[in-house]
Amino acid sequence: MKGAINMDFLVFDFLNSQCFNEKNNMDDATRKEKINDFLNYYHITLFDINSKQLSELYVLYNWIFELLEKITLHGNLTKEDMDKINLILQKEKATRQLIKKGKDYIIETKTKGSGLEHFIHEIVTSFAVTIAEYDQDRIRICENPQCKWVFYDKSKSKTKRHCDSRCANLMKVRRYRKKQLKD
Ligand SMILES: [Zn+2]
């Protein structure tokens with residue numbers, strides 16, 4: 001993970017896990033492992049992901065990526081998108097309670113059903129919070145088409161177009177070659 005660039009946004013981590021990026025050709029076992037990793041990291045109750053749920057997550061992944069692309073391109077979601085988001089936000093399948101474990105207080109989440117709906121709810125909530133409470137002009141998708149890393153541009157000038165210097169250099173070289181071909 002390119003940790004330094006990434007802030008703790010569940011929705012970014014979900015997309016950057018690249019679980020469903022076809023070019024990666026990840027097998028289902030690796031996908032499940034990756035998903036379980038960040039379920040764990042974000043203290044979301046683990047659930048056994050079966051193949052049907054994996055395909056639901058695939059649909060979610062593509063939809064959320066599309067939403068983020070709309071935000072970065074022109075800052076607008078359609079009414080249809082908004083309705084779909086709000087429907088999911090209204091359907092919380094989990095209850096939270098504060099408990100004490102030894103000296104520490106922790107929030108325990110109990111989910112009804114398989115846990116998948118709660119996970120979808122968390123991802124969509126994270127997306128909504130990210131665009132509502134952070135500067136939406138700073139949300140970026142790396143311009144290297146082979147990379148498409150999602151990140152939050154913390155630079156003063158708000159002009160960061162690539163996730164890191166490697167991608168930036170790669171694109172610079174490509175632009176230079178293109179220009180040379182034209183001349
Ligand atoms: Zn990149």
# chains A, B, ... in the order shown; residues from 1 in each chain; ligands from 1
$ select_by_dssp --residues "range 80-148 of chain A" --states "strand (DSSP E)" --output "list of chain:residue names"
A:Ala94, A:Thr95, A:Arg96, A:Gln97, A:Leu98, A:Ile99, A:Lys100, A:Lys101, A:Asp104, A:Tyr105, A:Ile106, A:Ile107, A:Glu108, A:Thr109, A:Lys110, A:Thr111, A:Ile139, A:Arg140, A:Ile141
$ residues_near_ligand --ligand "ligand 1" --cutoff "8 Å" --atoms "only C-alpha atoms and all ligand atoms" --output "PyMOL selection string"
chain A and resi 141-144+146-149+162-164+166-168
$ atom_distance --atom1 "CA of His118 in chain A" --atom2 "CA of Ala94 in chain A"
6.3 Å
$ closest_residue --among "A:Val150, A:Leu116, A:Leu67, A:Leu77" --to "Ser17 in chain A" --atoms "only C-alpha atoms"
A:Val150
$ closest_residue --among "A:Lys158, A:Asp37, A:Met171, A:Asp48" --to "Arg138 in chain A" --atoms "only C-alpha atoms"
A:Lys158
$ atom_distance --atom1 "CA of Ile107 in chain A" --atom2 "CA of Thr30 in chain A"
28.6 Å
$ residues_around --residues "range 126-136 of chain A" --least-positions-apart "6" --cutoff "7 Å" --atoms "only C-alpha atoms" --output "ChimeraX atom specification"
/A:9-11
$ write_last_selection --atoms "C-alpha atoms" --output "mmCIF file, in the first residue's frame"
data_model
loop_
_atom_site.group_PDB
_atom_site.id
_atom_site.type_symbol
_atom_site.label_atom_id
_atom_site.label_comp_id
_atom_site.auth_asym_id
_atom_site.auth_seq_id
_atom_site.Cartn_x
_atom_site.Cartn_y
_atom_site.Cartn_z
ATOM 1 C CA PHE A 9 -11.031 6.748 4.087
ATOM 2 C CA LEU A 10 -12.739 3.383 4.054
ATOM 3 C CA VAL A 11 -14.137 4.082 0.612
#
$ residues_around --residues "Arg140 in chain A" --least-positions-apart "6" --cutoff "8 Å" --atoms "only C-alpha atoms" --output "list in words"
Thr72, Val150, Phe151, Tyr152, Asp153 and Arg161 of chain A
$ write_last_selection --atoms "C-alpha atoms" --output "short mmCIF file (atom, residue, chain, number, x, y, z; two decimals), in the first residue's frame"
data_model
loop_
_atom_site.label_atom_id
_atom_site.label_comp_id
_atom_site.auth_asym_id
_atom_site.auth_seq_id
_atom_site.Cartn_x
_atom_site.Cartn_y
_atom_site.Cartn_z
CA THR A 72 -13.68 14.27 -9.94
CA VAL A 150 -7.80 7.13 -5.47
CA PHE A 151 -6.41 9.78 -3.15
CA TYR A 152 -7.01 13.04 -1.35
CA ASP A 153 -4.82 15.88 -2.62
CA ARG A 161 -2.66 14.85 -10.60
#
$ atom_distance --atom1 "CA of Lys93 in chain A" --atom2 "CA of Arg31 in chain A"
23.5 Å
$ residues_around --residues "Ser51 in chain A" --least-positions-apart "6" --cutoff "12 Å" --atoms "only C-alpha atoms" --output "list of chain:residue names"
A:Asp27, A:Asp28, A:Ala29, A:Arg31, A:Lys32, A:Leu57, A:Tyr58
$ residues_around --residues "Arg96 in chain A" --least-positions-apart "5" --cutoff "12 Å" --atoms "only C-alpha atoms" --output "PyMOL selection string"
chain A and resi 43-45+106-112+118
$ residues_around --residues "Trp63 in chain A" --least-positions-apart "3" --cutoff "12 Å" --atoms "only C-alpha atoms" --output "PDB file with N, CA and C atoms, in the first residue's frame"
ATOM      1  N   VAL A  11     -13.740   4.203   2.019  1.00  0.00           N
ATOM      2  CA  VAL A  11     -14.137   4.082   0.612  1.00  0.00           C
ATOM      3  C   VAL A  11     -12.908   4.077  -0.311  1.00  0.00           C
ATOM      4  N   LEU A  15     -11.570   0.904  -2.774  1.00  0.00           N
ATOM      5  CA  LEU A  15     -11.251   1.016  -4.204  1.00  0.00           C
ATOM      6  C   LEU A  15      -9.778   0.704  -4.464  1.00  0.00           C
ATOM      7  N   PHE A  20     -11.311  -5.824  -7.413  1.00  0.00           N
ATOM      8  CA  PHE A  20     -12.138  -6.173  -8.558  1.00  0.00           C
ATOM      9  C   PHE A  20     -11.646  -5.541  -9.847  1.00  0.00           C
ATOM     10  N   GLU A  56     -21.728  -9.348  -5.542  1.00  0.00           N
ATOM     11  CA  GLU A  56     -22.412  -8.120  -5.111  1.00  0.00           C
ATOM     12  C   GLU A  56     -21.406  -7.024  -4.797  1.00  0.00           C
ATOM     13  N   LEU A  57     -20.280  -7.413  -4.210  1.00  0.00           N
ATOM     14  CA  LEU A  57     -19.231  -6.445  -3.901  1.00  0.00           C
ATOM     15  C   LEU A  57     -18.583  -5.912  -5.180  1.00  0.00           C
ATOM     16  N   TYR A  58     -18.531  -6.775  -6.187  1.00  0.00           N
ATOM     17  CA  TYR A  58     -17.998  -6.366  -7.490  1.00  0.00           C
ATOM     18  C   TYR A  58     -18.862  -5.248  -8.094  1.00  0.00           C
ATOM     19  N   VAL A  59     -20.186  -5.424  -7.992  1.00  0.00           N
ATOM     20  CA  VAL A  59     -21.122  -4.408  -8.487  1.00  0.00           C
ATOM     21  C   VAL A  59     -20.954  -3.108  -7.692  1.00  0.00           C
ATOM     22  N   LEU A  60     -20.825  -3.249  -6.375  1.00  0.00           N
ATOM     23  CA  LEU A  60     -20.632  -2.087  -5.506  1.00  0.00           C
ATOM     24  C   LEU A  60     -19.356  -1.328  -5.877  1.00  0.00           C
ATOM     25  N   GLU A  66     -17.470   4.633 -10.260  1.00  0.00           N
ATOM     26  CA  GLU A  66     -18.172   5.500 -11.209  1.00  0.00           C
ATOM     27  C   GLU A  66     -18.606   6.814 -10.532  1.00  0.00           C
ATOM     28  N   LEU A  67     -19.136   6.706  -9.314  1.00  0.00           N
ATOM     29  CA  LEU A  67     -19.565   7.901  -8.571  1.00  0.00           C
ATOM     30  C   LEU A  67     -18.386   8.830  -8.323  1.00  0.00           C
ATOM     31  N   LEU A  68     -17.265   8.224  -7.950  1.00  0.00           N
ATOM     32  CA  LEU A  68     -16.083   9.021  -7.652  1.00  0.00           C
ATOM     33  C   LEU A  68     -15.546   9.693  -8.916  1.00  0.00           C
ATOM     34  N   GLU A  69     -15.664   8.997 -10.023  1.00  0.00           N
ATOM     35  CA  GLU A  69     -15.246   9.581 -11.306  1.00  0.00           C
ATOM     36  C   GLU A  69     -16.108  10.793 -11.648  1.00  0.00           C
ATOM     37  N   LYS A  70     -17.409  10.670 -11.401  1.00  0.00           N
ATOM     38  CA  LYS A  70     -18.312  11.798 -11.657  1.00  0.00           C
ATOM     39  C   LYS A  70     -17.918  12.987 -10.796  1.00  0.00           C
ATOM     40  N   LEU A  77     -23.456  14.375  -9.056  1.00  0.00           N
ATOM     41  CA  LEU A  77     -24.068  13.055  -9.095  1.00  0.00           C
ATOM     42  C   LEU A  77     -25.468  13.215  -9.660  1.00  0.00           C
ATOM     43  N   ASP A  81     -28.424   8.488  -8.727  1.00  0.00           N
ATOM     44  CA  ASP A  81     -27.339   8.133  -7.800  1.00  0.00           C
ATOM     45  C   ASP A  81     -27.696   8.509  -6.370  1.00  0.00           C
ATOM     46  N   LYS A  84     -30.280   6.273  -4.819  1.00  0.00           N
ATOM     47  CA  LYS A  84     -29.712   4.959  -4.500  1.00  0.00           C
ATOM     48  C   LYS A  84     -28.852   5.048  -3.233  1.00  0.00           C
ATOM     49  N   ILE A  85     -28.062   6.113  -3.149  1.00  0.00           N
ATOM     50  CA  ILE A  85     -27.216   6.319  -1.964  1.00  0.00           C
ATOM     51  C   ILE A  85     -28.092   6.454  -0.721  1.00  0.00           C
ATOM     52  N   ILE A 120     -21.798  -2.828   2.974  1.00  0.00           N
ATOM     53  CA  ILE A 120     -22.205  -1.928   1.889  1.00  0.00           C
ATOM     54  C   ILE A 120     -22.619  -0.575   2.472  1.00  0.00           C
ATOM     55  N   ILE A 123     -19.493   1.397   3.408  1.00  0.00           N
ATOM     56  CA  ILE A 123     -18.779   1.931   2.238  1.00  0.00           C
ATOM     57  C   ILE A 123     -19.505   3.162   1.695  1.00  0.00           C
ATOM     58  N   VAL A 124     -20.824   3.037   1.555  1.00  0.00           N
ATOM     59  CA  VAL A 124     -21.601   4.140   0.989  1.00  0.00           C
ATOM     60  C   VAL A 124     -21.604   5.329   1.955  1.00  0.00           C
ATOM     61  N   PHE A 127     -18.333   7.069   1.575  1.00  0.00           N
ATOM     62  CA  PHE A 127     -18.339   7.870   0.351  1.00  0.00           C
ATOM     63  C   PHE A 127     -19.077   9.196   0.587  1.00  0.00           C
TER      64      PHE A 127
END
$ select_by_dssp --residues "range 32-135 of chain A" --states "helix (DSSP H, G or I)" --output "number ranges by chain"
A: 32-41, 51-74, 79-90, 116-133
